[in-house]
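Here is the structure we will look at.
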Amino acid sequence: MSAGRMAPDFDRARRTTPARLDVGRAGSRPRTATWLAFQRDHAAARDAVWSAWSPAFEARLVGLGFTIVSSAAPDRAAYVREPPCGRRLAPGTVLPAATRPAWQVVLSDGLSPRAAEAHLERLWPDLARHLAALGPLGTPIAVRNGRVAVGDAIGAATGADVVVHLIGERPGLAAADGLGCYLTWRPGPTTTDADRKCISNIRPAGLDPAEAGATIAGVCRRIRAHGGSGTDLVL
């Protein structure tokens, strides 16, 4: 392929991705602008990991009907340094009475609490509406310092067919506010990560939060019809 034909394609690629393409260099070093942008994005990723939900956001969660609980990790330091703590509920956690819903929504701050703060309120109305149209929806539960597997205990306790676990994704250097969604059919103590389906990169520059509710509900419908999730289900 000629250089003349490659240039328009390359320019189009640069316009459609935040990835660092053709940043150039000054001698053997990155350009100053490139280096400063890297430092900025790295700082944003670190801030995302070490942040926490604000009291105002938690108040809005309560207003949306969420019950807020905590994992066994008492703070962000324990959450980051002792991953198993984030996979368990805090001792003595009281969950809403089991109702055996079709869908149990769990929200966790994960590795980017700002992701839920930024996108949940655009995602939630459509998600709740679509899921409720497909079957009974359990009381949504928000878990501070929670990792993906913490939804398994909640799903087992409520007897839900499918746990819909929204969680802040690990920040990258181009995206510190991505929200992920893990979908698990009848989770319990023996559930593994291979049993989950995942929809990732929910944010305006990826899967728009306003459109993600319909996408998630569509996968939920497939999971329930199939009676399984994860590698057991080909979408």
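Within each chain, counting starts at residue 1; across the structure tokens, chains are named A, B, ... in the order shown, with ligands numbered 1 upward in that order.
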### Message
From a backbone DSSP assignment, name each residue in stretch 42-175 of chain A labelled alpha helix (DSSP H), as number ranges by chain.
### Response
A: 42-50, 55-63, 76-81, 83-86, 113-134, 150-158
### Task
Using only C-alpha atoms, determine which residues lie at most 6 Å from A:Asp152, disregarding the query and same-chain residues fewer than 3 positions distant; provide the list as a PyMOL selection string.
chain A and resi 149+155+187-188
Keeping all heavy atoms, export the residues of the selection given above as a PDB file, in the first residue's frame.
ATOM      1  N   ALA A 149     -16.643 -10.530  42.424  1.00  0.00           N
ATOM      2  CA  ALA A 149     -17.191 -11.733  43.051  1.00  0.00           C
ATOM      3  C   ALA A 149     -18.108 -11.441  44.233  1.00  0.00           C
ATOM      4  O   ALA A 149     -18.821 -12.343  44.681  1.00  0.00           O
ATOM      5  CB  ALA A 149     -16.046 -12.636  43.503  1.00  0.00           C
ATOM      6  N   GLY A 155     -26.199 -12.655  45.033  1.00  0.00           N
ATOM      7  CA  GLY A 155     -27.082 -13.449  44.188  1.00  0.00           C
ATOM      8  C   GLY A 155     -27.550 -14.711  44.884  1.00  0.00           C
ATOM      9  O   GLY A 155     -28.725 -15.086  44.795  1.00  0.00           O
ATOM     10  N   PRO A 187     -25.452 -17.289  40.499  1.00  0.00           N
ATOM     11  CA  PRO A 187     -24.121 -17.417  41.111  1.00  0.00           C
ATOM     12  C   PRO A 187     -24.199 -17.991  42.516  1.00  0.00           C
ATOM     13  O   PRO A 187     -25.222 -17.920  43.194  1.00  0.00           O
ATOM     14  CB  PRO A 187     -23.624 -15.971  41.129  1.00  0.00           C
ATOM     15  CG  PRO A 187     -24.863 -15.162  41.247  1.00  0.00           C
ATOM     16  CD  PRO A 187     -25.893 -15.895  40.422  1.00  0.00           C
ATOM     17  N   GLY A 188     -23.082 -18.537  42.943  1.00  0.00           N
ATOM     18  CA  GLY A 188     -22.976 -19.097  44.294  1.00  0.00           C
ATOM     19  C   GLY A 188     -21.523 -19.332  44.661  1.00  0.00           C
ATOM     20  O   GLY A 188     -20.615 -18.821  43.977  1.00  0.00           O
TER      21      GLY A 188
END
Would you tabulate, counting only C-alpha atoms, all residues of stretch 5-49 of chain A that have an atom at most 12 Å from an atom of stretch 58-81 of chain A, showing the closest pair of atoms and their distance in Å to one decimal, sorted by chain then ascending number, as a tab-separated table?
residue	atom	partner	partner_atom	distance
A:Arg46	CA	A:Val80	CA	11.6
A:Asp47	CA	A:Arg76	CA	11.6
A:Ala48	CA	A:Arg76	CA	11.1
A:Val49	CA	A:Val80	CA	8.2
#### Entry: Between atom CA of A:Gly146 and atom CA of A:Pro18, distance in Å (one decimal)
28.4 Å
### Task
Measure the distance from atom CA of A:Thr139 to atom CA of A:Leu235 in Å and round it to one decimal.
27.6 Å
### Query
Can you list, as a PyMOL selection string, every protein, DNA or RNA residue that comes within 12 Å of A:Trp35 when you count only C-alpha atoms, leaving out same-chain residues fewer than 5 positions away?
chain A and resi 20+23-26+29-30+40-42
### Task
Could you give me, as a PyMOL selection string, each residue of chain A that DSSP assigns to strand (DSSP E or B) when run on this structure's backbone?
chain A and resi 26+29+67-71+89+103-108+137+141-144+162-168+179-185+196-202+207
### Query
Which residue gives the smallest distance to A:His165 among A:Leu127, A:Val234, A:Leu207, A:Ala225, with only C-alpha atoms counted?
A:Leu127
### Query
Any idea what the distance is between atom CA of A:Leu137 and atom CA of A:Thr99?
9.2 Å
### Query
Could you pull the residues within 10 Å of A:Gly151, counting only C-alpha atoms, minus those fewer than 2 positions along the same chain, as a VMD selection string?
chain A and resid 87 to 89 104 to 108 141 to 143 146 to 149 153 to 157 163 to 166 182 to 184 187 to 188
How close does each residue of stretch 77-181 of chain A get to stretch 190-205 of chain A, giving the shortest atom pair and distance in Å to one decimal for every residue with an atom at most 9 Å away, counting only C-alpha atoms, sorted by chain and residue number, as a tab-separated table?
residue	atom	partner	partner_atom	distance
A:Ala115	CA	A:Arg203	CA	8.0
A:Ala118	CA	A:Arg203	CA	8.5
A:His119	CA	A:Arg203	CA	6.7
A:Val148	CA	A:Asp193	CA	8.9
A:Ala149	CA	A:Asp193	CA	8.2
A:Asp152	CA	A:Thr191	CA	7.3
A:Glu169	CA	A:Asn201	CA	7.9
A:Ala175	CA	A:Asn201	CA	8.7
A:Asp177	CA	A:Arg203	CA	7.0
A:Gly178	CA	A:Asn201	CA	5.0
A:Leu179	CA	A:Ile202	CA	4.8
A:Gly180	CA	A:Ser200	CA	4.3
A:Cys181	CA	A:Ile199	CA	5.1
Store the residues picked out above, limited to all heavy atoms, as a PDB file, in the first residue's frame.
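See selection_35.pdb below for the written result:
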ATOM      1  N   ALA A 115     -16.512   6.155  37.986  1.00  0.00           N
ATOM      2  CA  ALA A 115     -17.273   5.650  36.837  1.00  0.00           C
ATOM      3  C   ALA A 115     -18.757   5.588  37.158  1.00  0.00           C
ATOM      4  O   ALA A 115     -19.598   6.021  36.360  1.00  0.00           O
ATOM      5  CB  ALA A 115     -16.754   4.268  36.430  1.00  0.00           C
ATOM      6  N   ALA A 118     -20.201   9.046  37.477  1.00  0.00           N
ATOM      7  CA  ALA A 118     -20.331   9.773  36.212  1.00  0.00           C
ATOM      8  C   ALA A 118     -21.468   9.228  35.345  1.00  0.00           C
ATOM      9  O   ALA A 118     -22.098   9.991  34.605  1.00  0.00           O
ATOM     10  CB  ALA A 118     -19.009   9.695  35.439  1.00  0.00           C
ATOM     11  N   HIS A 119     -21.731   7.911  35.393  1.00  0.00           N
ATOM     12  CA  HIS A 119     -22.591   7.320  34.367  1.00  0.00           C
ATOM     13  C   HIS A 119     -23.838   6.610  34.868  1.00  0.00           C
ATOM     14  O   HIS A 119     -24.737   6.344  34.073  1.00  0.00           O
ATOM     15  CB  HIS A 119     -21.779   6.325  33.528  1.00  0.00           C
ATOM     16  CG  HIS A 119     -20.498   6.881  33.004  1.00  0.00           C
ATOM     17  ND1 HIS A 119     -20.422   8.107  32.379  1.00  0.00           N
ATOM     18  CD2 HIS A 119     -19.213   6.400  33.029  1.00  0.00           C
ATOM     19  CE1 HIS A 119     -19.172   8.350  32.024  1.00  0.00           C
ATOM     20  NE2 HIS A 119     -18.423   7.339  32.409  1.00  0.00           N
ATOM     21  N   VAL A 148     -15.769  -7.901  41.775  1.00  0.00           N
ATOM     22  CA  VAL A 148     -16.799  -8.569  40.984  1.00  0.00           C
ATOM     23  C   VAL A 148     -17.456  -9.718  41.748  1.00  0.00           C
ATOM     24  O   VAL A 148     -18.681  -9.870  41.755  1.00  0.00           O
ATOM     25  CB  VAL A 148     -16.183  -9.086  39.664  1.00  0.00           C
ATOM     26  CG1 VAL A 148     -17.185  -9.954  38.914  1.00  0.00           C
ATOM     27  CG2 VAL A 148     -15.741  -7.916  38.792  1.00  0.00           C
ATOM     28  N   ALA A 149     -16.643 -10.530  42.424  1.00  0.00           N
ATOM     29  CA  ALA A 149     -17.191 -11.733  43.051  1.00  0.00           C
ATOM     30  C   ALA A 149     -18.108 -11.441  44.233  1.00  0.00           C
ATOM     31  O   ALA A 149     -18.821 -12.343  44.681  1.00  0.00           O
ATOM     32  CB  ALA A 149     -16.046 -12.636  43.503  1.00  0.00           C
ATOM     33  N   ASP A 152     -21.644 -12.537  43.837  1.00  0.00           N
ATOM     34  CA  ASP A 152     -22.041 -13.945  43.940  1.00  0.00           C
ATOM     35  C   ASP A 152     -22.774 -14.206  45.258  1.00  0.00           C
ATOM     36  O   ASP A 152     -23.792 -14.908  45.287  1.00  0.00           O
ATOM     37  CB  ASP A 152     -20.811 -14.849  43.849  1.00  0.00           C
ATOM     38  CG  ASP A 152     -20.104 -14.732  42.503  1.00  0.00           C
ATOM     39  OD1 ASP A 152     -20.711 -14.197  41.558  1.00  0.00           O
ATOM     40  OD2 ASP A 152     -18.950 -15.180  42.411  1.00  0.00           O
ATOM     41  N   GLU A 169     -14.359   0.026  36.215  1.00  0.00           N
ATOM     42  CA  GLU A 169     -13.292  -0.780  35.635  1.00  0.00           C
ATOM     43  C   GLU A 169     -11.911  -0.249  36.006  1.00  0.00           C
ATOM     44  O   GLU A 169     -11.749   0.933  36.337  1.00  0.00           O
ATOM     45  CB  GLU A 169     -13.420  -0.779  34.105  1.00  0.00           C
ATOM     46  CG  GLU A 169     -14.682  -1.448  33.600  1.00  0.00           C
ATOM     47  CD  GLU A 169     -14.778  -1.417  32.089  1.00  0.00           C
ATOM     48  OE1 GLU A 169     -14.326  -0.420  31.494  1.00  0.00           O
ATOM     49  OE2 GLU A 169     -15.304  -2.380  31.517  1.00  0.00           O
ATOM     50  N   ALA A 175      -8.679   6.166  29.695  1.00  0.00           N
ATOM     51  CA  ALA A 175     -10.047   6.076  30.209  1.00  0.00           C
ATOM     52  C   ALA A 175      -9.994   5.725  31.688  1.00  0.00           C
ATOM     53  O   ALA A 175      -9.653   4.600  32.048  1.00  0.00           O
ATOM     54  CB  ALA A 175     -10.832   5.023  29.442  1.00  0.00           C
ATOM     55  N   ASP A 177     -12.769   6.346  33.626  1.00  0.00           N
ATOM     56  CA  ASP A 177     -14.158   6.368  34.094  1.00  0.00           C
ATOM     57  C   ASP A 177     -15.016   5.328  33.394  1.00  0.00           C
ATOM     58  O   ASP A 177     -16.205   5.533  33.177  1.00  0.00           O
ATOM     59  CB  ASP A 177     -14.767   7.761  33.894  1.00  0.00           C
ATOM     60  CG  ASP A 177     -14.859   8.138  32.426  1.00  0.00           C
ATOM     61  OD1 ASP A 177     -14.179   7.500  31.597  1.00  0.00           O
ATOM     62  OD2 ASP A 177     -15.638   9.050  32.091  1.00  0.00           O
ATOM     63  N   GLY A 178     -14.424   4.195  33.030  1.00  0.00           N
ATOM     64  CA  GLY A 178     -15.183   3.145  32.365  1.00  0.00           C
ATOM     65  C   GLY A 178     -15.975   2.302  33.368  1.00  0.00           C
ATOM     66  O   GLY A 178     -15.488   1.946  34.433  1.00  0.00           O
ATOM     67  N   LEU A 179     -17.214   2.005  33.007  1.00  0.00           N
ATOM     68  CA  LEU A 179     -18.071   1.178  33.846  1.00  0.00           C
ATOM     69  C   LEU A 179     -18.236  -0.174  33.147  1.00  0.00           C
ATOM     70  O   LEU A 179     -18.508  -0.224  31.944  1.00  0.00           O
ATOM     71  CB  LEU A 179     -19.428   1.853  34.019  1.00  0.00           C
ATOM     72  CG  LEU A 179     -20.361   1.376  35.128  1.00  0.00           C
ATOM     73  CD1 LEU A 179     -19.730   1.565  36.503  1.00  0.00           C
ATOM     74  CD2 LEU A 179     -21.690   2.131  35.055  1.00  0.00           C
ATOM     75  N   GLY A 180     -18.051  -1.261  33.895  1.00  0.00           N
ATOM     76  CA  GLY A 180     -18.238  -2.593  33.341  1.00  0.00           C
ATOM     77  C   GLY A 180     -19.504  -3.228  33.894  1.00  0.00           C
ATOM     78  O   GLY A 180     -20.039  -2.796  34.918  1.00  0.00           O
ATOM     79  N   CYS A 181     -19.997  -4.267  33.215  1.00  0.00           N
ATOM     80  CA  CYS A 181     -21.188  -4.982  33.685  1.00  0.00           C
ATOM     81  C   CYS A 181     -20.942  -6.482  33.553  1.00  0.00           C
ATOM     82  O   CYS A 181     -20.752  -6.985  32.444  1.00  0.00           O
ATOM     83  CB  CYS A 181     -22.411  -4.560  32.878  1.00  0.00           C
ATOM     84  SG  CYS A 181     -23.927  -5.399  33.426  1.00  0.00           S
TER      85      CYS A 181
END
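Across A:Pro113, A:Gly228, A:Gly206, A:Gly172, the tightest approach to A:Trp185 is made by A:Gly228 when counting only C-alpha atoms.
Nearest to A:Ala212 of all the residues A:Pro83, A:Gly230, A:Pro125, A:Pro140 is A:Pro125, counting only C-alpha atoms.
In terms of minimum interatomic distance to A:Asp208, A:Leu123 ranks closest within A:Leu123, A:Ala102, A:Ala13, A:Ala37, counting only C-alpha atoms.
Among the candidate residues A:Ala44, A:Val150, A:Ala7, A:Val162, the one lying nearest to A:Arg222 is A:Val162, with distances computed using only C-alpha atoms.
Considering the residues A:Leu233, A:Leu21, A:Ala210, A:Leu134 and counting only C-alpha atoms, A:Pro101 has its shortest atom-to-atom contact with A:Leu134.
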